[in-house]
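Q: Contents of protein11.pdb (PDB, C-alpha atoms and all ligand atoms) are given next:
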ATOM      1  CA  MET M  55     -38.504 156.361 106.815  1.00  0.00           C
ATOM      2  CA  ARG M  56     -39.203 152.757 106.018  1.00  0.00           C
ATOM      3  CA  PRO M  57     -42.612 151.484 107.198  1.00  0.00           C
ATOM      4  CA  PHE M  58     -41.064 149.456 110.015  1.00  0.00           C
ATOM      5  CA  LEU M  59     -39.321 152.488 111.466  1.00  0.00           C
ATOM      6  CA  ILE M  60     -42.481 154.566 111.147  1.00  0.00           C
ATOM      7  CA  ALA M  61     -44.434 151.916 113.052  1.00  0.00           C
ATOM      8  CA  VAL M  62     -41.773 151.764 115.747  1.00  0.00           C
ATOM      9  CA  ALA M  63     -41.725 155.555 116.041  1.00  0.00           C
ATOM     10  CA  ALA M  64     -45.530 155.655 116.249  1.00  0.00           C
ATOM     11  CA  LEU M  65     -45.418 153.260 119.171  1.00  0.00           C
ATOM     12  CA  GLY M  66     -42.935 155.503 120.907  1.00  0.00           C
ATOM     13  CA  ILE M  67     -40.345 152.765 121.111  1.00  0.00           C
ATOM     14  CA  GLY M  68     -36.764 153.831 120.519  1.00  0.00           C
ATOM     15  CA  LEU M  69     -34.345 151.487 118.805  1.00  0.00           C
ATOM     16  CA  GLY M  70     -32.241 149.617 121.313  1.00  0.00           C
ATOM     17  CA  GLY M  71     -35.203 149.313 123.637  1.00  0.00           C
ATOM     18  CA  VAL M  72     -35.104 152.895 124.901  1.00  0.00           C
ATOM     19  CA  ALA M  73     -38.680 154.029 125.509  1.00  0.00           C
ATOM     20  CA  LEU M  74     -39.482 157.614 124.559  1.00  0.00           C
ATOM     21  CA  ALA M  75     -41.715 159.565 126.889  1.00  0.00           C
ATOM     22  CA  VAL M  76     -44.917 159.574 124.854  1.00  0.00           C
ATOM     23  CA  PRO M  77     -47.856 160.209 127.179  1.00  0.00           C
ATOM     24  CA  VAL M  78     -50.753 157.770 126.923  1.00  0.00           C
ATOM     25  CA  LYS M  79     -53.928 159.471 125.711  1.00  0.00           C
ATOM     26  CA  PRO M  80     -56.720 159.446 128.342  1.00  0.00           C
ATOM     27  CA  GLY M  81     -59.063 157.651 125.916  1.00  0.00           C
ATOM     28  CA  THR M  82     -56.493 154.887 125.425  1.00  0.00           C
ATOM     29  CA  ALA M  83     -56.152 154.353 129.177  1.00  0.00           C
ATOM     30  CA  VAL M  84     -59.942 154.313 129.640  1.00  0.00           C
ATOM     31  CA  ALA M  85     -60.386 151.784 126.806  1.00  0.00           C
ATOM     32  CA  TYR M  86     -57.590 149.631 128.254  1.00  0.00           C
ATOM     33  CA  ARG M  87     -59.002 149.437 131.778  1.00  0.00           C
ATOM     34  CA  GLN M  88     -62.622 149.083 130.621  1.00  0.00           C
ATOM     35  CA  GLY M  89     -61.469 146.225 128.382  1.00  0.00           C
ATOM     36  CA  LEU M  90     -59.895 144.552 131.396  1.00  0.00           C
ATOM     37  CA  TYR M  91     -63.040 145.062 133.482  1.00  0.00           C
ATOM     38  CA  HIS M  92     -65.081 143.435 130.729  1.00  0.00           C
ATOM     39  CA  ALA M  93     -62.645 140.519 130.610  1.00  0.00           C
ATOM     40  CA  ILE M  94     -63.021 140.237 134.392  1.00  0.00           C
ATOM     41  CA  LEU M  95     -66.812 140.338 134.071  1.00  0.00           C
ATOM     42  CA  TRP M  96     -66.702 137.670 131.363  1.00  0.00           C
ATOM     43  CA  ASN M  97     -65.122 135.321 133.912  1.00  0.00           C
ATOM     44  CA  PHE M  98     -67.032 136.626 136.900  1.00  0.00           C
ATOM     45  CA  VAL M  99     -70.600 136.059 135.652  1.00  0.00           C
ATOM     46  CA  PRO M 100     -70.376 132.252 135.242  1.00  0.00           C
ATOM     47  CA  MET M 101     -68.765 132.050 138.698  1.00  0.00           C
ATOM     48  CA  ALA M 102     -71.589 134.084 140.248  1.00  0.00           C
ATOM     49  CA  ARG M 103     -74.160 131.856 138.543  1.00  0.00           C
ATOM     50  CA  MET M 104     -72.492 128.767 140.015  1.00  0.00           C
ATOM     51  CA  VAL M 105     -72.248 130.331 143.482  1.00  0.00           C
ATOM     52  CA  GLN M 106     -75.941 131.275 143.315  1.00  0.00           C
ATOM     53  CA  GLY M 107     -76.839 127.724 142.250  1.00  0.00           C
ATOM     54  CA  ARG M 108     -78.234 128.871 138.897  1.00  0.00           C
ATOM     55  CA  GLU M 109     -75.658 126.709 137.086  1.00  0.00           C
ATOM     56  CA  PRO M 110     -74.329 123.324 138.186  1.00  0.00           C
ATOM     57  CA  TRP M 111     -71.099 123.533 140.188  1.00  0.00           C
ATOM     58  CA  ASN M 112     -68.022 122.923 138.020  1.00  0.00           C
ATOM     59  CA  GLN M 113     -64.825 123.192 140.044  1.00  0.00           C
ATOM     60  CA  ALA M 114     -62.467 123.105 137.030  1.00  0.00           C
ATOM     61  CA  ALA M 115     -64.381 125.842 135.194  1.00  0.00           C
ATOM     62  CA  PHE M 116     -64.607 127.920 138.375  1.00  0.00           C
ATOM     63  CA  ALA M 117     -60.855 127.587 138.954  1.00  0.00           C
ATOM     64  CA  GLY M 118     -60.129 128.546 135.324  1.00  0.00           C
ATOM     65  CA  ASN M 119     -62.249 131.709 135.618  1.00  0.00           C
ATOM     66  CA  ALA M 120     -60.624 132.554 138.958  1.00  0.00           C
ATOM     67  CA  THR M 121     -57.137 132.158 137.486  1.00  0.00           C
ATOM     68  CA  SER M 122     -57.973 134.577 134.652  1.00  0.00           C
ATOM     69  CA  ILE M 123     -59.379 137.169 137.059  1.00  0.00           C
ATOM     70  CA  ALA M 124     -56.310 136.904 139.291  1.00  0.00           C
ATOM     71  CA  PHE M 125     -54.117 137.728 136.305  1.00  0.00           C
ATOM     72  CA  TYR M 126     -56.277 140.595 135.008  1.00  0.00           C
ATOM     73  CA  SER M 127     -56.438 142.140 138.489  1.00  0.00           C
ATOM     74  CA  THR M 128     -52.672 142.725 138.389  1.00  0.00           C
ATOM     75  CA  GLN M 129     -52.939 144.642 135.083  1.00  0.00           C
ATOM     76  CA  LEU M 130     -55.543 147.204 136.132  1.00  0.00           C
ATOM     77  CA  LEU M 131     -53.729 149.805 138.215  1.00  0.00           C
ATOM     78  CA  GLN M 132     -51.378 150.851 135.386  1.00  0.00           C
ATOM     79  CA  GLY M 133     -54.480 151.735 133.312  1.00  0.00           C
ATOM     80  CA  PHE M 134     -55.394 154.538 135.717  1.00  0.00           C
ATOM     81  CA  THR M 135     -52.930 157.046 134.284  1.00  0.00           C
ATOM     82  CA  PRO M 136     -53.054 160.429 136.090  1.00  0.00           C
ATOM     83  CA  GLY M 137     -56.336 162.264 135.560  1.00  0.00           C
ATOM     84  CA  SER M 138     -57.503 159.964 132.750  1.00  0.00           C
ATOM     85  CA  ILE M 139     -61.206 160.733 132.670  1.00  0.00           C
ATOM     86  CA  THR M 140     -63.231 160.993 129.464  1.00  0.00           C
ATOM     87  CA  PRO M 141     -67.012 161.218 128.913  1.00  0.00           C
ATOM     88  CA  ARG M 142     -67.046 157.400 128.535  1.00  0.00           C
ATOM     89  CA  SER M 143     -65.285 156.876 131.846  1.00  0.00           C
ATOM     90  CA  GLU M 144     -67.022 156.191 135.142  1.00  0.00           C
ATOM     91  CA  ALA M 145     -63.867 156.922 137.129  1.00  0.00           C
ATOM     92  CA  LYS M 146     -64.130 159.633 139.793  1.00  0.00           C
ATOM     93  CA  PRO M 147     -61.418 162.320 140.138  1.00  0.00           C
ATOM     94  CA  GLU M 148     -61.049 161.245 143.794  1.00  0.00           C
ATOM     95  CA  ILE M 149     -58.962 158.292 142.524  1.00  0.00           C
ATOM     96  CA  TRP M 150     -55.995 160.597 141.926  1.00  0.00           C
ATOM     97  CA  GLN M 151     -56.640 162.708 145.032  1.00  0.00           C
ATOM     98  CA  ASN M 152     -56.506 159.552 147.189  1.00  0.00           C
ATOM     99  CA  TRP M 153     -54.083 157.487 145.123  1.00  0.00           C
ATOM    100  CA  ALA M 154     -52.628 155.616 148.136  1.00  0.00           C
ATOM    101  CA  ASP M 155     -56.103 154.528 149.235  1.00  0.00           C
ATOM    102  CA  PHE M 156     -57.158 153.630 145.686  1.00  0.00           C
ATOM    103  CA  SER M 157     -53.973 151.557 145.169  1.00  0.00           C
ATOM    104  CA  ALA M 158     -54.549 149.835 148.516  1.00  0.00           C
ATOM    105  CA  LYS M 159     -58.074 148.907 147.439  1.00  0.00           C
ATOM    106  CA  MET M 160     -56.691 147.547 144.176  1.00  0.00           C
ATOM    107  CA  LYS M 161     -54.122 145.544 146.138  1.00  0.00           C
ATOM    108  CA  ASN M 162     -56.912 144.096 148.298  1.00  0.00           C
ATOM    109  CA  PHE M 163     -58.640 142.983 145.108  1.00  0.00           C
ATOM    110  CA  GLU M 164     -55.423 141.463 143.721  1.00  0.00           C
ATOM    111  CA  ASP M 165     -54.787 139.602 146.981  1.00  0.00           C
ATOM    112  CA  ALA M 166     -58.381 138.382 147.256  1.00  0.00           C
ATOM    113  CA  SER M 167     -58.439 137.154 143.659  1.00  0.00           C
ATOM    114  CA  ALA M 168     -55.036 135.439 144.013  1.00  0.00           C
ATOM    115  CA  LYS M 169     -56.375 133.646 147.084  1.00  0.00           C
ATOM    116  CA  LEU M 170     -59.600 132.806 145.250  1.00  0.00           C
ATOM    117  CA  ALA M 171     -57.637 131.235 142.381  1.00  0.00           C
ATOM    118  CA  ALA M 172     -55.486 129.199 144.787  1.00  0.00           C
ATOM    119  CA  VAL M 173     -58.477 128.024 146.831  1.00  0.00           C
ATOM    120  CA  ALA M 174     -60.443 127.162 143.679  1.00  0.00           C
ATOM    121  CA  ARG M 175     -57.565 125.129 142.262  1.00  0.00           C
ATOM    122  CA  ALA M 176     -57.263 123.287 145.584  1.00  0.00           C
ATOM    123  CA  GLY M 177     -60.751 121.996 144.839  1.00  0.00           C
ATOM    124  CA  ASN M 178     -63.026 122.639 147.840  1.00  0.00           C
ATOM    125  CA  GLU M 179     -66.460 123.914 146.819  1.00  0.00           C
ATOM    126  CA  GLY M 180     -67.424 125.571 150.109  1.00  0.00           C
ATOM    127  CA  ALA M 181     -64.065 127.316 150.484  1.00  0.00           C
ATOM    128  CA  SER M 182     -64.239 128.441 146.838  1.00  0.00           C
ATOM    129  CA  LYS M 183     -67.641 130.048 147.391  1.00  0.00           C
ATOM    130  CA  GLU M 184     -66.446 131.817 150.515  1.00  0.00           C
ATOM    131  CA  ALA M 185     -63.332 133.140 148.730  1.00  0.00           C
ATOM    132  CA  PHE M 186     -65.581 134.349 145.898  1.00  0.00           C
ATOM    133  CA  ARG M 187     -67.733 136.341 148.336  1.00  0.00           C
ATOM    134  CA  GLN M 188     -64.610 137.898 149.836  1.00  0.00           C
ATOM    135  CA  THR M 189     -63.438 138.930 146.370  1.00  0.00           C
ATOM    136  CA  VAL M 190     -66.818 140.479 145.505  1.00  0.00           C
ATOM    137  CA  ALA M 191     -66.555 142.581 148.655  1.00  0.00           C
ATOM    138  CA  THR M 192     -63.299 144.097 147.338  1.00  0.00           C
ATOM    139  CA  CYS M 193     -64.992 145.096 144.040  1.00  0.00           C
ATOM    140  CA  LYS M 194     -67.818 146.769 145.919  1.00  0.00           C
ATOM    141  CA  SER M 195     -65.586 148.564 148.401  1.00  0.00           C
ATOM    142  CA  CYS M 196     -63.777 150.292 145.530  1.00  0.00           C
ATOM    143  CA  HIS M 197     -66.842 150.989 143.337  1.00  0.00           C
ATOM    144  CA  ASP M 198     -68.721 152.593 146.236  1.00  0.00           C
ATOM    145  CA  LYS M 199     -66.039 155.234 146.532  1.00  0.00           C
ATOM    146  CA  TYR M 200     -64.357 155.587 143.155  1.00  0.00           C
ATOM    147  CA  ARG M 201     -66.817 154.667 140.406  1.00  0.00           C
ATOM    148  CA  ARG M 202     -69.664 156.904 139.197  1.00  0.00           C
ATOM    149  CA  GLU M 203     -73.121 155.328 139.070  1.00  0.00           C
TER     150      GLU M 203
HETATM  151  C1  LIG I 301     -59.588 149.524 143.214  1.00  0.00           C
HETATM  152  C2  LIG I 301     -60.824 149.831 142.579  1.00  0.00           C
HETATM  153  C3  LIG I 301     -61.643 148.812 141.856  1.00  0.00           C
HETATM  154  C4  LIG I 301     -61.755 147.449 142.090  1.00  0.00           C
HETATM  155  C5  LIG I 301     -61.078 146.621 143.156  1.00  0.00           C
HETATM  156  C6  LIG I 301     -62.679 146.955 141.109  1.00  0.00           C
HETATM  157  N1  LIG I 301     -63.110 147.964 140.298  1.00  0.00           N
HETATM  158 FE1  LIG I 301     -64.422 147.792 138.772  1.00  0.00          FE
HETATM  159  N2  LIG I 301     -64.150 149.757 138.317  1.00  0.00           N
HETATM  160  C7  LIG I 301     -63.415 150.660 139.058  1.00  0.00           C
HETATM  161  C8  LIG I 301     -63.455 151.966 138.417  1.00  0.00           C
HETATM  162  C9  LIG I 301     -62.789 153.231 138.914  1.00  0.00           C
HETATM  163  C10 LIG I 301     -64.229 151.807 137.255  1.00  0.00           C
HETATM  164  C11 LIG I 301     -64.541 152.866 136.199  1.00  0.00           C
HETATM  165  C12 LIG I 301     -63.430 152.806 135.129  1.00  0.00           C
HETATM  166  C13 LIG I 301     -63.667 153.802 134.014  1.00  0.00           C
HETATM  167  O1  LIG I 301     -64.764 153.796 133.435  1.00  0.00           O
HETATM  168  O2  LIG I 301     -62.757 154.599 133.734  1.00  0.00           O
HETATM  169  C14 LIG I 301     -64.657 150.411 137.228  1.00  0.00           C
HETATM  170  C15 LIG I 301     -65.450 149.864 136.227  1.00  0.00           C
HETATM  171  C16 LIG I 301     -65.901 148.550 136.205  1.00  0.00           C
HETATM  172  C17 LIG I 301     -66.759 148.007 135.180  1.00  0.00           C
HETATM  173  C18 LIG I 301     -67.358 148.779 134.002  1.00  0.00           C
HETATM  174  C19 LIG I 301     -66.416 148.826 132.828  1.00  0.00           C
HETATM  175  C20 LIG I 301     -67.002 149.724 131.718  1.00  0.00           C
HETATM  176  O3  LIG I 301     -66.727 149.476 130.545  1.00  0.00           O
HETATM  177  O4  LIG I 301     -67.720 150.674 132.011  1.00  0.00           O
HETATM  178  C21 LIG I 301     -66.992 146.705 135.523  1.00  0.00           C
HETATM  179  C22 LIG I 301     -67.830 145.681 134.746  1.00  0.00           C
HETATM  180  C23 LIG I 301     -66.265 146.448 136.741  1.00  0.00           C
HETATM  181  N3  LIG I 301     -65.606 147.590 137.136  1.00  0.00           N
HETATM  182  C24 LIG I 301     -66.261 145.238 137.402  1.00  0.00           C
HETATM  183  C25 LIG I 301     -65.484 144.948 138.515  1.00  0.00           C
HETATM  184  C26 LIG I 301     -65.468 143.679 139.190  1.00  0.00           C
HETATM  185  C27 LIG I 301     -66.344 142.488 138.806  1.00  0.00           C
HETATM  186  C28 LIG I 301     -64.559 143.780 140.192  1.00  0.00           C
HETATM  187  C29 LIG I 301     -64.146 142.735 141.198  1.00  0.00           C
HETATM  188  C30 LIG I 301     -64.070 141.359 140.770  1.00  0.00           C
HETATM  189  C31 LIG I 301     -64.031 145.136 140.159  1.00  0.00           C
HETATM  190  N4  LIG I 301     -64.617 145.807 139.133  1.00  0.00           N
HETATM  191  C32 LIG I 301     -63.068 145.618 141.032  1.00  0.00           C
HETATM  192  C33 LIG I 301     -62.732 150.374 140.206  1.00  0.00           C
HETATM  193  C34 LIG I 301     -62.522 149.117 140.733  1.00  0.00           C
END
Translate this structure into structure tokens?
A:
Amino acid sequence: MRPFLIAVAALGIGLGGVALAVPVKPGTAVAYRQGLYHAILWNFVPMARMVQGREPWNQAAFAGNATSIAFYSTQLLQGFTPGSITPRSEAKPEIWQNWADFSAKMKNFEDASAKLAAVARAGNEGASKEAFRQTVATCKSCHDKYRRE
């Protein structure tokens, strides 16, 4: 096989756009979602510092961070492939035993962060801070139940 075809085969992508059923390795799923959580945290920390008054308020920066988080939030659920737990993962097996509840909690987070991004772009500082607190509550509500300490 030519190198291009080997690369395509390795990715599990059939020619003509037909995807072959190659299961994602648990370690790949864990790395994917942890990467997203770190990208979320990267945006989250400066927002928290502004909300706490430890950094000067910057509405444009806050709105930019919020917009990134709103996008990342929509990419997370697919990273929780069935039973994907490795020693590096802090995910609890209960996620897959209560998938409907876990997905609902993820949806709450997506909705809260979409609202946060919209409110932040609209430009009101007080409303932005309140929407941030509401988003934080959705992180905590899921971690309390589905993330190992
Ligand atoms: C619907 C559930 C859910 C929501 C909502 C959620 N998380 Fe998590 N989070 C998890 C789970 C489960 C893990 C453990 C993932 C793993 O290690 O496999 C995790 C892990 C993390 C990690 C650690 C990543 C690592 O490399 O160990 C960070 C940081 C994090 N979350 C931040 C956040 C923040 C900030 C929010 C909200 C803005 C949030 N999470 C919302 C479920 C959630």
Q: Considering all atoms listed in the file, return as a PyMOL selection string whatever protein or nucleic-acid residues lie within 10 Å of segment 137-153 of chain M, sequence-local ones (same chain, fewer than 2 positions apart) excluded.
A: chain M and resi 78-85+87-88+133-135+155-159+196-197+199-203
Q: Kindly list the centre and edge lengths in Å, rounded to one decimal, for the axis-aligned box that covers all listed atoms of ligand LIG 301 (chain I) plus 5 Å on each of its six sides, as lines of an AutoDock Vina configuration file.
A:
center_x = -63.7
center_y = 148.0
center_z = 136.9
size_x = 18.2
size_y = 23.2
size_z = 22.7
Q: Given the PyMOL selection byres (((chain M and resi 130) around 9) and not hetatm) and the file above, list the residues it selects as a list in words.
A: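 Taken over the shown coordinates, the PyMOL selection byres (((chain M and resi 130) around 9) and not hetatm) returns Tyr86, Arg87, Leu90, Tyr91, Tyr126, Ser127, Thr128, Gln129, Leu131, Gln132, Gly133, Phe134 and Met160 of chain M.
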Q: So which residues touch segment 181-187 of chain M within 10 Å, counting all atoms listed in the file, skipping near sequence neighbours fewer than 2 positions away, as a VMD selection string?
A: chain M and resid 98 101 to 102 104 to 106 113 116 to 117 120 166 to 179 189 to 192
Q: Just write the chosen residues, C-alpha atoms, as an mmCIF file, keeping the file's coordinate frame.
A:
data_model
loop_
_atom_site.group_PDB
_atom_site.id
_atom_site.type_symbol
_atom_site.label_atom_id
_atom_site.label_comp_id
_atom_site.auth_asym_id
_atom_site.auth_seq_id
_atom_site.Cartn_x
_atom_site.Cartn_y
_atom_site.Cartn_z
ATOM 1 C CA PHE M 98 -67.032 136.626 136.900
ATOM 2 C CA MET M 101 -68.765 132.050 138.698
ATOM 3 C CA ALA M 102 -71.589 134.084 140.248
ATOM 4 C CA MET M 104 -72.492 128.767 140.015
ATOM 5 C CA VAL M 105 -72.248 130.331 143.482
ATOM 6 C CA GLN M 106 -75.941 131.275 143.315
ATOM 7 C CA GLN M 113 -64.825 123.192 140.044
ATOM 8 C CA PHE M 116 -64.607 127.920 138.375
ATOM 9 C CA ALA M 117 -60.855 127.587 138.954
ATOM 10 C CA ALA M 120 -60.624 132.554 138.958
ATOM 11 C CA ALA M 166 -58.381 138.382 147.256
ATOM 12 C CA SER M 167 -58.439 137.154 143.659
ATOM 13 C CA ALA M 168 -55.036 135.439 144.013
ATOM 14 C CA LYS M 169 -56.375 133.646 147.084
ATOM 15 C CA LEU M 170 -59.600 132.806 145.250
ATOM 16 C CA ALA M 171 -57.637 131.235 142.381
ATOM 17 C CA ALA M 172 -55.486 129.199 144.787
ATOM 18 C CA VAL M 173 -58.477 128.024 146.831
ATOM 19 C CA ALA M 174 -60.443 127.162 143.679
ATOM 20 C CA ARG M 175 -57.565 125.129 142.262
ATOM 21 C CA ALA M 176 -57.263 123.287 145.584
ATOM 22 C CA GLY M 177 -60.751 121.996 144.839
ATOM 23 C CA ASN M 178 -63.026 122.639 147.840
ATOM 24 C CA GLU M 179 -66.460 123.914 146.819
ATOM 25 C CA THR M 189 -63.438 138.930 146.370
ATOM 26 C CA VAL M 190 -66.818 140.479 145.505
ATOM 27 C CA ALA M 191 -66.555 142.581 148.655
ATOM 28 C CA THR M 192 -63.299 144.097 147.338
#
Q: Taking all atoms listed in the file into account, name the residue in M:Gly107, M:Pro77, M:Gly180, M:Pro136 that is nearest to ligand LIG 301 (chain I).
A: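 Under the stated criterion, the closest residue is M:Pro136.
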Q: Which of these, M:Cys193, M:Val76, M:Ala114, M:Ala124, has the shortest distance to ligand LIG 301 (chain I) once you count only C-alpha atoms and all ligand atoms?
A: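 Checking each candidate against ligand LIG 301 (chain I), we get M:Cys193 as the closest.
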Q: So how many Å separate atom C15 of ligand LIG 301 (chain I) and atom CA of Ala115 of chain M, to one decimal?
A: 24.1 Å
Q: Between M:Ala75, M:Trp96, M:Trp111, M:Gly118, single out the one closest to ligand LIG 301 (chain I), counting all atoms listed in the file.
A: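 Looking only at the distances to ligand LIG 301 (chain I), the closest residue turns out to be M:Trp96.
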Q: Which is closest to Asp165 of chain M among M:Leu95, M:Glu109, M:Gly89, M:Ile123, if we use only C-alpha atoms?
A: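 That would be M:Ile123, the residue with the smallest distance to Asp165 of chain M.
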Q: To one decimal place, how far is atom C14 of ligand LIG 301 (chain I) from atom CA of Lys161 of chain M in Å?
A: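 Atom CA of Lys161 of chain M lies at a distance of 14.6 Å from atom C14 of ligand LIG 301 (chain I).
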Q: Can you measure atom CA of Val99 of chain M to atom N3 of ligand LIG 301 (chain I) for me? One decimal in Å is fine.
A: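 Those two atoms sit 12.7 Å apart.
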Q: Which of these residues is nearest to ligand LIG 301 (chain I), using all atoms listed in the file: M:Asn97, M:Arg108, M:His92, M:Phe125?
A: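 Counting all atoms listed in the file, the residue closest to ligand LIG 301 (chain I) is M:His92.
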